[in-house]
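Next comes model19.txt, a file with compact mmCIF, C-alpha atoms.
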```txt
# COMPACT_ATOMS: atom_id res chain seq x y z
CA MET A 84 0.00 0.00 0.00
CA THR A 85 1.46 3.35 -1.07
CA LEU A 86 1.56 6.06 1.56
CA GLY A 87 0.24 9.50 0.62
CA ALA A 88 2.70 12.41 0.69
CA GLY A 89 1.06 14.00 3.72
CA ARG A 90 1.02 10.71 5.60
CA VAL A 91 4.69 10.07 4.78
CA LEU A 92 5.69 13.49 6.12
CA LEU A 93 3.70 12.85 9.27
CA LEU A 94 5.43 9.50 9.76
CA LEU A 95 8.81 11.10 9.17
CA GLY A 96 8.06 13.77 11.72
CA LEU A 97 7.20 11.13 14.30
CA LEU A 98 9.94 8.69 13.39
CA LEU A 99 12.63 9.42 15.89
CA ALA A 100 11.51 11.44 18.90
CA SER A 101 11.63 15.20 19.07
CA HIS A 102 14.48 17.40 17.91
CA PRO A 103 17.29 17.48 20.52
CA ALA A 104 16.76 21.18 21.15
CA ARG A 105 13.29 20.29 22.41
CA ALA A 106 14.11 16.86 23.80
CA GLY A 107 13.36 17.69 27.44
CA GLY A 108 13.38 14.41 29.33
CA MET A 109 14.33 12.30 26.31
CA ALA A 110 17.53 10.27 26.19
CA CYS A 111 17.73 10.04 29.99
CA ASP A 112 18.32 13.79 30.33
CA ALA A 113 21.48 13.65 28.23
CA PRO A 114 23.24 16.98 27.59
CA LEU A 115 21.58 18.35 24.45
CA ASP A 116 24.85 18.93 22.61
CA LEU A 117 25.56 15.20 22.80
CA LEU A 118 22.33 14.44 20.92
CA ALA A 119 23.16 16.65 17.93
CA ALA A 120 24.23 14.88 14.73
CA ASN A 121 26.08 17.90 13.30
CA ALA A 122 25.76 16.18 9.92
CA ALA A 123 22.99 15.19 7.53
CA LEU A 124 21.65 11.67 7.01
CA PRO A 125 20.18 11.98 3.50
CA ALA A 126 19.84 8.28 2.69
CA THR A 127 17.98 7.73 5.95
CA ALA A 128 15.68 10.68 5.24
CA ARG A 129 14.89 9.40 1.74
CA ALA A 130 14.20 5.90 2.99
CA ALA A 131 11.93 7.11 5.78
CA THR A 132 10.06 9.36 3.36
CA GLY A 133 9.47 6.26 1.25
CA GLY A 134 7.98 4.46 4.25
CA SER A 135 10.78 1.96 4.86
CA LEU A 136 14.13 1.85 6.62
CA ARG A 137 16.88 -0.78 6.71
CA ILE A 138 19.51 -0.39 9.45
CA LEU A 139 22.71 -2.38 9.96
CA VAL A 140 24.31 -2.33 13.42
CA VAL A 141 27.87 -3.64 13.72
CA GLY A 142 30.26 -3.62 16.65
CA SER A 143 31.85 -5.61 19.42
CA ALA A 144 29.91 -7.42 22.14
CA SER A 145 28.15 -4.26 23.31
CA VAL A 146 25.73 -4.40 20.36
CA LEU A 147 24.51 -7.77 21.69
CA GLY A 148 23.78 -6.45 25.18
CA PRO A 149 26.18 -8.35 27.47
CA GLY A 150 25.11 -8.17 31.10
CA THR A 151 21.52 -7.22 30.25
CA SER A 152 18.41 -9.20 31.14
CA GLY A 153 18.29 -10.59 27.61
CA PRO A 154 18.76 -9.88 23.88
CA SER A 155 15.71 -7.61 23.76
CA ALA A 156 17.41 -5.25 26.25
CA ALA A 157 20.46 -4.58 24.03
CA TRP A 158 20.55 -1.03 22.70
CA PRO A 159 20.00 -1.98 19.01
CA ALA A 160 16.94 -4.02 19.99
CA ARG A 161 15.70 -1.15 22.15
CA LEU A 162 16.25 1.28 19.27
CA GLU A 163 14.19 -0.94 16.99
CA ALA A 164 11.43 -1.14 19.59
CA LEU A 165 11.41 2.65 20.02
CA ILE A 166 11.06 3.25 16.28
CA ARG A 167 8.36 0.60 15.88
CA ALA A 168 6.38 1.98 18.81
CA ARG A 169 6.50 5.50 17.42
CA VAL A 170 5.83 4.58 13.78
CA PRO A 171 4.22 1.13 13.57
CA GLN A 172 3.38 1.69 9.89
CA ILE A 173 6.98 1.98 8.73
CA ARG A 174 8.64 -1.04 7.13
CA LEU A 175 11.67 -1.39 9.41
CA GLU A 176 14.39 -4.00 9.23
CA MET A 177 17.37 -4.08 11.58
CA VAL A 178 20.32 -6.44 11.30
CA THR A 179 22.83 -6.63 14.17
CA ARG A 180 26.27 -8.21 13.90
CA GLY A 181 28.95 -8.32 16.57
CA ALA A 182 31.14 -10.39 18.85
CA ARG A 183 33.43 -9.84 21.79
CA GLY A 184 36.75 -8.08 21.23
CA LEU A 185 36.36 -7.28 17.54
CA THR A 186 38.75 -4.75 16.06
CA THR A 187 37.77 -2.03 13.61
CA ALA A 188 39.23 -4.14 10.81
CA GLU A 189 37.03 -7.08 11.81
CA THR A 190 33.84 -5.05 12.13
CA GLY A 191 34.71 -3.31 8.86
CA ALA A 192 34.90 -6.72 7.19
CA MET A 193 31.46 -7.55 8.63
CA ILE A 194 30.06 -4.35 7.15
CA ALA A 195 31.59 -5.14 3.76
CA ALA A 196 30.06 -8.63 3.81
CA GLU A 197 26.60 -7.37 4.78
CA LEU A 198 26.61 -4.58 2.18
CA ALA A 199 27.62 -7.08 -0.49
CA ARG A 200 24.70 -9.30 0.52
CA GLU A 201 21.93 -6.67 0.57
CA PRO A 202 21.45 -2.88 0.66
CA PHE A 203 21.01 -0.78 3.80
CA ASN A 204 20.03 2.83 4.30
CA LEU A 205 21.90 3.39 7.57
CA VAL A 206 24.91 1.72 9.17
CA LEU A 207 25.53 2.20 12.90
CA TRP A 208 29.17 1.30 13.53
CA GLN A 209 30.54 0.91 17.07
CA ALA A 210 34.33 1.07 16.76
CA GLY A 211 37.58 1.73 18.54
CA THR A 212 37.10 -0.06 21.86
CA ALA A 213 39.35 -3.05 21.17
CA GLU A 214 42.09 -0.78 19.86
CA ALA A 215 41.99 1.48 22.93
CA VAL A 216 41.89 -1.36 25.46
CA ARG A 217 44.66 -3.34 23.78
CA GLY A 218 46.79 -0.38 22.69
CA LEU A 219 46.63 -1.36 19.02
CA ASP A 220 48.01 0.74 16.20
CA LEU A 221 46.08 4.01 15.97
CA ASP A 222 46.91 4.65 12.30
CA GLU A 223 45.60 1.22 11.34
CA MET A 224 42.32 1.96 13.10
CA VAL A 225 41.98 5.24 11.20
CA GLU A 226 42.81 3.53 7.91
CA GLU A 227 40.13 0.90 8.53
CA LEU A 228 37.59 3.59 9.45
CA ASN A 229 38.38 5.52 6.28
CA GLU A 230 38.00 2.43 4.15
CA GLY A 231 34.79 1.34 5.84
CA LEU A 232 33.13 4.75 5.73
CA GLY A 233 34.06 5.10 2.08
CA ARG A 234 32.51 1.72 1.37
CA ILE A 235 29.28 2.66 3.17
CA VAL A 236 28.93 5.90 1.19
CA ALA A 237 29.69 4.09 -2.07
CA ALA A 238 26.86 1.68 -1.25
CA GLY A 239 24.44 4.62 -0.99
CA ALA A 240 23.99 4.41 2.78
CA ASP A 241 24.50 6.78 5.69
CA ALA A 242 26.82 5.99 8.60
CA VAL A 243 26.87 6.87 12.28
CA LEU A 244 29.90 5.99 14.40
CA MET A 245 29.69 5.15 18.10
CA ASP A 246 32.80 5.61 20.22
CA GLN A 247 34.08 3.77 23.27
CA GLN A 248 32.20 2.88 26.42
CA PHE A 249 33.06 5.10 29.38
CA SER A 250 35.12 3.28 32.00
CA ARG A 251 37.17 4.66 34.86
CA PHE A 252 39.37 1.55 34.61
CA ILE A 253 40.05 2.09 30.89
CA ARG A 254 40.70 5.78 31.51
CA ALA A 255 43.29 4.92 34.15
CA ASN A 256 44.99 2.17 32.17
CA ALA A 257 44.82 3.15 28.50
CA ASN A 258 45.40 6.20 26.33
CA VAL A 259 41.74 6.18 25.36
CA ASP A 260 41.56 9.90 24.51
CA ALA A 261 43.88 9.43 21.54
CA TYR A 262 41.54 6.80 20.06
CA ARG A 263 38.44 8.86 20.79
CA ASP A 264 39.98 11.92 19.14
CA ALA A 265 41.07 9.93 16.09
CA LEU A 266 37.60 8.46 15.65
CA ARG A 267 35.91 11.87 15.88
CA LEU A 268 38.37 13.49 13.45
CA THR A 269 37.90 10.66 10.96
CA ALA A 270 34.13 10.96 11.22
CA ALA A 271 34.32 14.72 10.70
CA ALA A 272 36.45 14.23 7.59
CA HIS A 273 33.69 12.06 6.13
CA GLY A 274 30.81 14.23 7.36
CA VAL A 275 29.57 11.40 9.57
CA PRO A 276 27.81 11.83 12.94
CA VAL A 277 29.29 10.29 16.09
CA LEU A 278 27.25 9.06 19.02
CA ARG A 279 29.63 10.10 21.79
CA ARG A 280 28.97 7.13 24.05
CA TRP A 281 31.93 7.90 26.31
CA ASP A 282 30.71 11.43 27.04
CA LEU A 283 27.10 10.32 27.41
CA MET A 284 27.95 7.57 29.88
CA GLN A 285 30.23 9.86 31.85
CA ALA A 286 27.48 12.49 32.05
CA TRP A 287 24.92 9.90 33.19
CA ALA A 288 27.34 8.54 35.79
CA GLU A 289 28.11 12.01 37.15
CA ALA A 290 24.39 12.83 37.30
CA ASP A 291 23.69 9.52 39.07
CA ILE A 292 21.32 8.46 36.29
CA VAL A 293 23.12 5.21 35.52
CA ASP A 294 26.62 4.10 36.55
CA ILE A 295 27.46 0.52 35.62
CA GLU A 296 30.83 0.46 37.34
CA ARG A 297 29.42 1.51 40.71
CA ALA A 298 26.18 -0.48 40.61
CA GLY A 299 25.88 -3.13 43.32
CA ARG A 300 26.00 -6.81 42.42
CA HIS A 301 22.23 -7.17 42.65
CA GLU A 302 21.67 -3.92 40.74
CA LYS A 303 24.05 -4.62 37.85
CA VAL A 304 21.58 -6.19 35.42
CA ALA A 305 18.95 -3.49 35.94
CA ALA A 306 21.61 -0.78 35.55
CA THR A 307 22.88 -2.38 32.34
CA ASP A 308 19.33 -2.58 30.98
CA LYS A 309 18.84 1.10 31.77
CA LEU A 310 22.14 2.04 30.13
CA ASN A 311 21.16 0.24 26.93
CA ASP A 312 17.76 1.93 26.92
CA CYS A 313 19.40 5.33 27.43
CA LEU A 314 21.82 4.67 24.57
CA ALA A 315 18.93 3.66 22.32
CA GLN A 316 17.10 6.89 23.15
CA ALA A 317 20.25 8.91 22.48
CA MET A 318 20.83 7.17 19.13
CA GLN A 319 17.19 7.77 18.21
CA ALA A 320 17.56 11.49 18.95
CA LEU A 321 20.84 11.75 17.02
CA ILE A 322 19.38 10.02 13.95
CA ARG A 323 16.33 12.27 14.14
CA ASP A 324 18.65 15.27 14.15
CA GLY A 325 20.55 13.95 11.12
CA VAL A 326 17.26 13.41 9.26
CA ALA A 327 16.15 16.96 10.14
CA GLU A 328 19.52 18.24 8.88
CA ALA A 329 19.03 16.40 5.58
CA ARG A 330 15.54 17.88 5.15
CA GLY A 331 16.57 21.42 5.98
CA ARG A 332 15.12 21.16 9.49
CA PRO A 333 11.40 21.42 8.57
CA GLY A 334 10.54 21.23 12.25
CA GLN A 335 12.16 24.62 12.80
CA ARG A 336 10.14 26.43 10.14
```

Just dump the structure as structure tokens.
Amino acid sequence: MTLGAGRVLLLLGLLLASHPARAGGMACDAPLDLLAANAALPATARAATGGSLRILVVGSASVLGPGTSGPSAAWPARLEALIRARVPQIRLEMVTRGARGLTTAETGAMIAAELAREPFNLVLWQAGTAEAVRGLDLDEMVEELNEGLGRIVAAGADAVLMDQQFSRFIRANANVDAYRDALRLTAAAHGVPVLRRWDLMQAWAEADIVDIERAGRHEKVAATDKLNDCLAQAMQALIRDGVAEARGRPGQR
């Protein structure tokens, strides 16, 4: 069934929460600047306008929701649920691929394989954690990001990068800032948004909204579920901002 133009615009407006500048209590009260895409997502906007959206999520174990109450609590699954609840009419397909300890080269190879198999409109790529934790070559990570982002664009899709998970232990034992900076600079060079997971998690921990590291043993699963839900809300808001950017921010007119 073909959607009328007015109906499509209504669905697009409802697709991904409100604009970050008006987000209020959305995304677990995340700082509004961390919800801004600062880049357009044109392929996502076109797909949503057409009434369908195909999203590929690739990363290390975090995309599978380790430590949560189950697979449905992982942030990609929560993101899918949020979109479906807001726009049940949209034809949405999400594919999630990941495993523990994957490097950027390994997740990049997963993306290449999935794009060769079928088209996607949006690729959400969690990268850089394995390199930071293990002190792997920074230039190799950047090279793999450049290659992967180029491949995504060539396939006609948008990309969003997600950086490392905030951890006081990692901060004390690894030069994580160098990897975070390299990821952000690479994304900027490609005009790609970054979900700044490190900054978001640090802000939530400091505001006592959710702090995985300091949760008690019996509170850990609930805290991890909440973190994943907060990340899903933040990703939803960032994508919505990128769609608004691609459409010339109709919501601000």

When you look at segment 303-312 of chain A with a cut-off of 10 Å (counting only C-alpha atoms), what residues show up, excluding the ones that are within fewer than 4 positions of it in the same chain? I need them as number ranges by chain. A: 110-111, 145-146, 148-153, 155-162, 165, 284, 287, 292-299, 316-318

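In terms of minimum interatomic distance to Leu268 of chain A, A:Asp246 ranks closest within A:Asp246, A:Glu163, A:Glu328, A:Asp291, counting all atoms listed in the file.
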
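When atom CA of Gly142 of chain A is paired with atom CA of Leu207 of chain A, their separation reads 8.4 Å.
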
As a check of understanding: the span from atom CA of Val170 of chain A to atom CA of Val140 of chain A is 19.7 Å

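If you look at atom CA of Phe203 of chain A and atom CA of Met177 of chain A, they are 9.2 Å away from each other.
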
Closest atom pairs, segment 211-314 of chain A residues within 6 Å of segment 186-200 of chain A, only C-alpha atoms, as CSV:
```
residue,atom,partner,partner_atom,distance
A:Ala213,CA,A:Thr186,CA,5.4
A:Glu227,CA,A:Ala188,CA,5.6
A:Gly231,CA,A:Gly191,CA,5.5
```

Starting from 3 Å padding per side, set up an axis-aligned box that covers all listed atoms of segment 306-320 of chain A and hand over centre and edge lengths in Å, one decimal, as lines of an AutoDock Vina configuration file.
```
center_x = 20.0
center_y = 4.5
center_z = 26.9
size_x = 11.8
size_y = 20.1
size_z = 23.3
```

| message | Just want the 9 Å neighbourhood of Thr212 of chain A, counted on all atoms listed in the file, with same-chain residues fewer than 3 positions away dropped. Output as a VMD selection string. | response | chain A and resid 143 184 to 187 209 215 to 217 246 to 248 259 262

- Item | Nearby residues, (30.8, -10.8, 24.1) file frame, 7 Å, only C-alpha atoms, as a PyMOL selection string | chain A and resi 144+149+182-183

| message | Using all atoms listed in the file, which protein or nucleic acid residues come within 12 Å of Asp264 of chain A? Drop anything in the same chain fewer than 6 positions from it, and give the result as a ChimeraX atom specification. | response | /A:211,215,221,224-225,246-247,258,270-271,277,279,281

Across A:Gln285, A:Ala164, A:Ile173, A:Ala320, the smallest distance to Arg254 of chain A, with all atoms listed in the file counted, is shown by A:Gln285

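Nearest to Thr179 of chain A of all the residues A:Leu228, A:Ala327, A:Cys313, A:Leu139 is A:Leu139, based on all atoms listed in the file.
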
Min atom-atom distance to Arg234 of chain A from the set A:Val206, A:Arg251, A:Ala123, A:Arg263, counting all atoms listed in the file, belongs to A:Val206
